[in-house]
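Following: one structure in structure tokens, then a few remarks.
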Amino acid sequence: MPGLRSTCLLLAFAAATTGCASSSPKYLRAPSLAEPTPAPQDSRNAYLELIERMQQQGAWYASLAHVDAFRQRYGDSPALRLLQADALRQTGQIDAAITLYRGLDSGAQAAAAAHGLGLIAAGRDQDEASEQALARATQLQPLNTDYLGDLGYARLRAGRYEQAREPLAKALELSPGNAKATANLALWAVLRGDAATAERLAQQASLGADTRRSIEQQAQQIRARVQQRQASAPAAATSATAERNAPPTPRPQLAAEPRREARDTRDPARLPPSMLERFSTSDHATGSTP
């Protein structure tokens with residue numbers, strides 16, 4: 001047994017001395033002091049995020065320039081086209097924005113594209129088209145409080161106060177304390193004549209004096225807009241009915257032309273214009289969400 005212990009001690013001593021001798025690190029390859037190069041995909045995503053931040057700061061024209069630069073470097077993509085469409089809408093290039101939005105009616109950008117189309121329609125006082133597009137956006141993304149708030153606000157502007165309650169309430173319950181969602185619901189209460197609820201909401205969210213004044217001003221604008229639309233609608237309907245019931249204007253005849261029984265020969269170009277055409281210049285109130 002003494003011999004066995006001596007052997008173990010020798011092995012332990014050899015292992016210890018070997019460990020001490022190899023205390024300095026050994027590298028399979030020499031370390032590099034250069035900064036790591038990001039993967040192409042990382043650079044691409046970082047560039048998209050940069051363009052998004054520029055738009056959040058209101059640099060819409062600059063973002064359009066970077067959209068072109070991005071496309072040259074990385075190619076096109078639905079996400080890039082959405083950013084471009086948003087910038088075109090914000091810079092007044094509406095027709096080009098509509099074309100891009102309509103090309104994004106499926107896929108991950110479909111909800112945002114529908115939202116953009118809804119905002120454009122609202123800016124043009126096209127209430128039905130605006131509501132349809134915004135409703136589709138909320139169907140595709142039912143938890144998006146911005147889409148819900150804009151849908152409710154569009155219904156308020158159209159005078160559909162009761163239908164506006166659901167999306168506005170959803171937006172506030174999904175984002176408690178959100179000032180914009182609270183202001184929208186307070187606006188709904190003011191329009192319904194419920195001053196107590198409006199005041200309670202304003203106090204709960206600690207809305208400032210400027211926001212409260214904005215709510216009152218927008219309530220006045222919306223009431224005036226709805227009253228004007230309601231007053232114009234019967235007149236338009238009466239005019240259209242009178243034109244439909246008016247006797248047809250006799251068509252001039254040549255001397256040798258036999259007379260025919262009078263029929264409805266109205267020129268299609270003279271038919272009553274659409275409701276949109278009739279009211280396109282009658283009201284341009286486009287109040288924005290507080």
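If you're wondering about the labels, chains in the structure tokens are A, B, ... by order shown, residues count from 1 in each chain, ligands from 1 in order shown.
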
Selection near Ala133 in chain A, 9 Å with only C-alpha atoms, sequence-local residues under 5 positions removed, as a tab-separated table (two decimals) with C-alpha atoms, in the first residue's frame:
chain	number	residue	atom	x	y	z
A	113	ALA	CA	-52.90	50.15	-45.21
A	114	ALA	CA	-56.63	50.08	-44.47
A	115	HIS	CA	-56.06	52.61	-41.71
A	116	GLY	CA	-54.23	54.88	-44.13
A	117	LEU	CA	-57.04	54.64	-46.66
A	118	GLY	CA	-59.54	55.45	-43.92
A	119	LEU	CA	-57.65	58.58	-42.94
A	121	ALA	CA	-61.23	59.19	-46.99
A	128	GLU	CA	-68.87	55.88	-45.62
A	138	THR	CA	-59.88	47.20	-36.48
A	151	LEU	CA	-62.96	54.51	-36.12

Report as a tab-separated table (two decimals) with C-alpha atoms, in the first residue's frame all protein, DNA and RNA residues lying within 7 Å of range 206-217 of chain A, evaluated on only C-alpha atoms, omitting residues in the same chain fewer than 4 positions from it.
chain	number	residue	atom	x	y	z
A	183	ALA	CA	-60.39	62.71	-24.73
A	187	LEU	CA	-65.90	64.14	-26.74
A	202	ALA	CA	-61.43	64.58	-17.77
A	221	GLN	CA	-67.39	71.68	-35.17
A	290	PRO	CA	-57.51	65.67	-29.57

Checklist entry - Leaving out Leu156 in chain A and any residue of its chain fewer than 5 positions from it, which residues lie within 10 Å of it when counting only C-alpha atoms, given as an MDAnalysis selection string? => result chainID A and resid 150:151 161:165 184 187:188 191 219 222:223 226

Next on the checklist: Between CA of Asp76 in chain A and CA of Asp95 in chain A, what is the distance in Å, rounded to a tenth?
Outcome noted: 20.0 Å

Checklist entry - Could you work out how far CA of Asp127 in chain A lies from CA of Ala158 in chain A, giving the answer in Å with one decimal? => result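 Atom-to-atom, CA of Ala158 in chain A and CA of Asp127 in chain A are spaced 6.1 Å apart.
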
Checklist outcome for this item: Counting only C-alpha atoms, closest pick from A:Arg102, A:Ala189, A:Thr91, A:Asn45 relative to Ala59 in chain A is A:Thr91

Checklist entry - Between CA of Arg192 in chain A and CA of Arg157 in chain A, what is the spacing in Å? => result 12.8 Å

Next on the checklist: According to DSSP computed on the backbone, where in range 102-220 of chain A is there helix (DSSP H, G or I)? Give the residues as an MDAnalysis selection string.
Outcome noted: chainID A and resid 102 110:123 127:140 145:157 161:174 179:191 195:204 209:220
